[in-house]
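One file, query_27.cif, is given below (mmCIF, C-alpha atoms).
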data_run
#
loop_
_atom_site.label_atom_id
_atom_site.label_comp_id
_atom_site.auth_asym_id
_atom_site.auth_seq_id
_atom_site.Cartn_x
_atom_site.Cartn_y
_atom_site.Cartn_z
CA MET A 1 0.00 0.00 0.00
CA SER A 2 1.12 3.54 -0.64
CA SER A 3 -0.87 6.23 1.06
CA THR A 4 -4.16 7.12 2.60
CA PRO A 5 -6.95 8.04 0.18
CA THR A 6 -8.79 11.37 0.54
CA GLY A 7 -10.95 10.92 -2.52
CA ASN A 8 -10.21 9.86 -6.07
CA THR A 9 -7.75 12.63 -6.95
CA GLU A 10 -5.49 13.09 -3.91
CA LEU A 11 -3.69 10.95 -1.37
CA LEU A 12 -2.89 11.87 2.19
CA VAL A 13 0.84 11.34 2.75
CA GLY A 14 1.24 13.03 6.13
CA VAL A 15 -0.25 15.19 8.85
CA VAL A 16 1.62 17.97 10.65
CA ALA A 17 1.70 16.96 14.33
CA ARG A 18 3.64 19.88 15.84
CA ALA A 19 6.49 22.32 15.46
CA HIS A 20 9.92 21.01 16.45
CA GLY A 21 12.70 23.33 17.53
CA LEU A 22 13.15 26.98 16.71
CA ARG A 23 14.02 26.83 13.01
CA GLY A 24 10.68 25.81 11.54
CA GLU A 25 11.00 22.03 11.47
CA LEU A 26 7.74 20.14 11.74
CA ALA A 27 7.06 16.68 13.16
CA ILE A 28 5.01 14.83 10.57
CA ASP A 29 2.85 11.76 11.17
CA VAL A 30 3.65 9.83 7.98
CA ARG A 31 0.78 8.21 6.07
CA THR A 32 2.79 6.75 3.19
CA ASP A 33 5.19 3.87 2.89
CA SER A 34 7.35 5.98 0.55
CA PRO A 35 8.35 8.93 2.76
CA GLU A 36 11.76 9.15 1.09
CA VAL A 37 9.97 9.93 -2.19
CA ARG A 38 7.05 12.03 -0.94
CA PHE A 39 9.21 14.18 1.38
CA ALA A 40 12.33 14.41 -0.81
CA THR A 41 14.00 17.81 -1.04
CA GLY A 42 12.16 19.88 -3.64
CA SER A 43 8.89 17.94 -3.41
CA VAL A 44 5.79 20.12 -3.49
CA LEU A 45 2.82 19.01 -1.40
CA ARG A 46 -0.70 20.39 -1.20
CA ALA A 47 -1.42 21.68 2.30
CA ARG A 48 -5.02 21.49 3.52
CA ARG A 49 -6.17 23.02 6.79
CA ARG A 50 -9.71 23.26 8.03
CA GLY A 51 -11.09 26.77 7.53
CA ALA A 52 -8.26 27.88 5.22
CA PRO A 53 -7.72 27.70 1.45
CA ASP A 54 -5.38 25.00 0.18
CA THR A 55 -1.77 26.07 -0.37
CA THR A 56 1.44 24.35 -1.39
CA LEU A 57 4.51 23.58 0.67
CA THR A 58 7.98 22.88 -0.73
CA VAL A 59 10.22 20.43 1.15
CA GLU A 60 13.62 21.90 2.03
CA SER A 61 14.80 18.95 4.12
CA SER A 62 13.52 15.89 5.96
CA ARG A 63 14.91 13.38 8.42
CA PRO A 64 13.53 10.58 10.62
CA HIS A 65 13.08 11.31 14.31
CA SER A 66 11.37 9.19 17.03
CA GLY A 67 8.93 7.40 14.72
CA ARG A 68 8.03 10.57 12.83
CA LEU A 69 9.60 12.58 10.09
CA LEU A 70 11.02 16.04 10.76
CA VAL A 71 10.43 18.21 7.73
CA ARG A 72 11.38 21.79 6.96
CA PHE A 73 9.28 23.61 4.35
CA ALA A 74 10.45 26.72 2.48
CA GLU A 75 7.17 28.43 3.42
CA ALA A 76 7.73 27.95 7.18
CA PRO A 77 11.11 29.55 7.95
CA ASP A 78 10.65 29.77 11.73
CA ARG A 79 8.78 28.28 14.68
CA THR A 80 5.92 30.80 14.47
CA ALA A 81 5.19 29.87 10.85
CA ALA A 82 5.58 26.18 11.70
CA GLU A 83 3.12 26.41 14.63
CA ALA A 84 0.49 27.79 12.25
CA LEU A 85 0.68 24.55 10.23
CA ARG A 86 -0.27 22.21 13.10
CA GLY A 87 -2.95 19.75 11.91
CA THR A 88 -2.32 20.44 8.23
CA GLN A 89 -2.95 17.51 5.90
CA LEU A 90 -0.22 16.97 3.30
CA LEU A 91 -1.51 15.63 -0.02
CA VAL A 92 -0.25 14.55 -3.43
CA PRO A 93 -2.32 14.18 -6.63
CA THR A 94 -2.94 10.56 -7.62
CA ALA A 95 -1.98 11.50 -11.19
CA GLU A 96 1.63 11.94 -10.00
CA LEU A 97 1.87 8.35 -8.74
CA ALA A 98 3.76 5.86 -10.84
CA PRO A 99 2.15 2.45 -11.03
CA PRO A 100 3.73 -0.07 -8.63
CA GLU A 101 6.48 -2.12 -10.24
CA ASP A 102 5.28 -5.36 -8.62
CA PRO A 103 1.96 -6.59 -10.11
CA GLU A 104 1.08 -7.89 -6.63
CA GLU A 105 1.20 -4.34 -5.20
CA PHE A 106 -1.28 -1.48 -5.57
CA HIS A 107 -2.03 2.00 -4.33
CA VAL A 108 -4.69 2.24 -1.64
CA HIS A 109 -6.84 4.62 -3.70
CA GLN A 110 -7.17 1.91 -6.36
CA LEU A 111 -9.33 -0.12 -3.95
CA GLU A 112 -12.01 2.55 -3.60
CA GLY A 113 -15.10 1.54 -5.54
CA LEU A 114 -14.12 -2.10 -5.99
CA ARG A 115 -16.84 -4.72 -5.55
CA ALA A 116 -16.40 -6.76 -2.36
CA GLU A 117 -17.49 -10.36 -2.68
CA LEU A 118 -17.25 -13.59 -0.75
CA THR A 119 -15.18 -16.52 -2.02
CA ASP A 120 -18.33 -18.03 -3.55
CA GLY A 121 -18.95 -14.85 -5.60
CA THR A 122 -21.74 -13.43 -3.42
CA VAL A 123 -21.47 -9.63 -3.55
CA ILE A 124 -21.41 -8.07 -0.09
CA GLY A 125 -20.90 -4.43 -1.08
CA THR A 126 -18.44 -1.86 -2.36
CA VAL A 127 -15.13 -0.74 -0.84
CA ARG A 128 -15.61 2.86 0.32
CA GLU A 129 -12.10 3.36 1.75
CA VAL A 130 -9.16 1.82 3.52
CA VAL A 131 -9.14 2.93 7.15
CA LEU A 132 -5.73 3.09 8.79
CA GLY A 133 -6.00 2.01 12.40
CA PRO A 134 -3.55 1.46 15.24
CA GLY A 135 -4.19 -2.28 15.13
CA GLY A 136 -4.00 -2.55 11.35
CA ASP A 137 -5.80 -1.45 8.23
CA LEU A 138 -9.50 -2.08 7.61
CA LEU A 139 -11.62 -2.10 4.48
CA ALA A 140 -14.79 -0.06 4.95
CA VAL A 141 -17.38 -1.86 2.83
CA VAL A 142 -20.68 -0.13 2.04
CA ARG A 143 -23.55 -2.63 2.13
CA GLU A 144 -27.01 -1.95 0.77
CA GLY A 145 -29.60 -1.72 3.53
CA ARG A 146 -27.06 -2.54 6.24
CA PRO A 147 -24.37 -0.67 8.15
CA ASP A 148 -20.91 -0.50 6.63
CA ALA A 149 -18.72 -3.48 7.44
CA LEU A 150 -15.17 -3.01 8.65
CA VAL A 151 -13.09 -5.91 7.36
CA PRO A 152 -9.53 -6.46 8.62
CA PHE A 153 -7.28 -5.90 5.61
CA VAL A 154 -5.05 -8.94 6.03
CA ALA A 155 -4.27 -11.70 3.51
CA GLU A 156 -6.11 -14.35 5.54
CA ILE A 157 -9.40 -12.41 5.30
CA VAL A 158 -8.86 -10.55 1.98
CA PRO A 159 -6.98 -13.18 -0.05
CA THR A 160 -7.60 -11.66 -3.50
CA ILE A 161 -7.32 -8.14 -4.87
CA ASP A 162 -8.32 -8.18 -8.53
CA LEU A 163 -7.92 -4.64 -9.85
CA GLU A 164 -8.57 -5.64 -13.45
CA GLY A 165 -11.72 -7.52 -12.43
CA GLY A 166 -12.83 -4.65 -10.20
CA ARG A 167 -13.16 -6.76 -7.07
CA VAL A 168 -11.73 -7.82 -3.74
CA VAL A 169 -12.50 -11.27 -2.38
CA VAL A 170 -13.33 -11.50 1.32
CA ASP A 171 -13.12 -14.73 3.31
CA PRO A 172 -14.37 -13.56 6.72
CA PRO A 173 -14.27 -15.62 9.87
CA GLU A 174 -17.67 -16.77 11.03
CA GLY A 175 -19.77 -13.91 12.37
CA LEU A 176 -17.56 -11.02 11.18
CA LEU A 177 -20.15 -9.64 8.77
CA ASP A 178 -23.06 -10.41 11.13
CA LEU A 179 -21.79 -8.47 14.16
CA ASP A 180 -23.41 -5.30 12.92
CA THR A 181 -26.81 -6.73 12.00
CA PRO A 182 -29.44 -4.00 12.44
#

Can the structure from this file be put into structure tokens for me?
Amino acid sequence: MSSTPTGNTELLVGVVARAHGLRGELAIDVRTDSPEVRFATGSVLRARRRGAPDTTLTVESSRPHSGRLLVRFAEAPDRTAAEALRGTQLLVPTAELAPPEDPEEFHVHQLEGLRAELTDGTVIGTVREVVLGPGGDLLAVVREGRPDALVPFVAEIVPTIDLEGGRVVVDPPEGLLDLDTP
């Protein structure tokens, strides 16, 4: 997986957690498994903050630090400017993503809209999004006339991802899809 989807045109690659130090560095909660690419010097990211128009930020430097990434942006030269970016979502357009080299890999946004079906072909719904959780990723599956199902996104439960066929195959343990019966 690559990044967190925010819709069909952009991917969330990080969230500004807080300012770090006096020179404008920011601690970023990374939401991509390619931080060395997304936060490379010179990369331009879309910055989205609630209640403010979108802007762009240009990476001047980045380095790992205590499970986060410390990033300096050209547009935040000091701590005051950095503090103003707290909570900012950092996004990249999906059009800029190269297809994965390995045919067994995919970008998370490619799963949105896929048909979710059981191993016997019974359709259970449509993948709305991949939810990143502390215990692992989940597929949020929209089901007609029923609450969304949250399916653990692990190979034992989602053994097949068929992008060309427009489907994911789900092999849930007994009761997983019935726990949320209305």

* the PyMOL selection byres ((chain A and resi 25-33) around 6) resolved against shown file, as a list in words ->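 Applying the PyMOL selection byres ((chain A and resi 25-33) around 6) to the structure shown produces Ser2, Ser3, Val13, Gly14, Val15, Val16, Ala17, Arg18, Ala19, His20, Arg23, Gly24, Ser34, Pro35, Arg68, Leu69, Leu70, Val71 and Arg72 of chain A.
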
* Residue contacts of Asp137 in chain A (8 Å, all atoms listed in the file) excluding same-chain residues fewer than 6 positions away, as a PyMOL selection string -> chain A and resi 130-131+152-154

* Structure fact -> Between CA of His65 in chain A and CA of Val44 in chain A lies a distance of 21.2 Å

* To do: Find the residue from A:Val123, A:Asp148, A:Phe39, A:Ala47 that sits nearest to Arg86 in chain A; use all atoms listed in the file when measuring.
  =>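 Looking only at the distances to Arg86 in chain A, the closest residue turns out to be A:Ala47.
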
* Asked: Just so the selection is clear, what residues does the PyMOL selection byres ((chain A and resi 155) around 12) cover here, as a VMD selection string?
  -> chain A and resid 137 to 138 151 to 154 156 to 161 168 to 172

* Asked: In Å to one decimal, how far is CA of Arg63 in chain A from CA of Gly21 in chain A?
  ->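 Taking CA of Gly21 in chain A and CA of Arg63 in chain A, their separation equals 13.7 Å.
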
* Contacts of Gly125 in chain A within 8 Å, all atoms listed in the file, excl. fewer than 4 positions in-chain, as a ChimeraX atom specification -> /A:115-117,141-144

* Asked: What does the distance from CA of Glu75 in chain A to CA of Val92 in chain A come to in Å, to one decimal?
  ->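 Separation of CA of Glu75 in chain A and CA of Val92 in chain A: 17.2 Å.
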
* Nearest-residue call for Thr119 in chain A, choices A:Gly145, A:Ser62, A:Pro173, A:Glu36, using only C-alpha atoms -> A:Pro173

* Would you please work out which residue, of A:Gln110, A:Thr88, A:Ser66, A:Gly165, is nearest to Pro53 in chain A when using only C-alpha atoms? =>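 The answer is A:Thr88, which sits nearest to Pro53 in chain A.
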
* For Gly121 in chain A, which residue among A:Glu60, A:Arg167, A:Leu22, A:Arg49 is the nearest when counting only C-alpha atoms? ->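 Closest residue, counting only C-alpha atoms: A:Arg167.
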
* Exercise: residues within 7 Å of coordinate (-18.0, 2.5, -1.2), counting all atoms listed in the file, as a ChimeraX atom specification -> /A:112-113,126-129,141-142

* What residues come out when you apply the PyMOL selection byres ((chain A and resi 10) around 6) to this file, written as number ranges by chain? -> A: 6, 9, 11, 92-94

Preceding selection exported with C-alpha atoms as a PDB file, keeping the file's coordinate frame:
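Once written, part06.pdb looks like this:
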ATOM      1  CA  THR A   6      -8.790  11.370   0.540  1.00  0.00           C
ATOM      2  CA  THR A   9      -7.750  12.630  -6.950  1.00  0.00           C
ATOM      3  CA  LEU A  11      -3.690  10.950  -1.370  1.00  0.00           C
ATOM      4  CA  VAL A  92      -0.250  14.550  -3.430  1.00  0.00           C
ATOM      5  CA  PRO A  93      -2.320  14.180  -6.630  1.00  0.00           C
ATOM      6  CA  THR A  94      -2.940  10.560  -7.620  1.00  0.00           C
TER       7      THR A  94
END
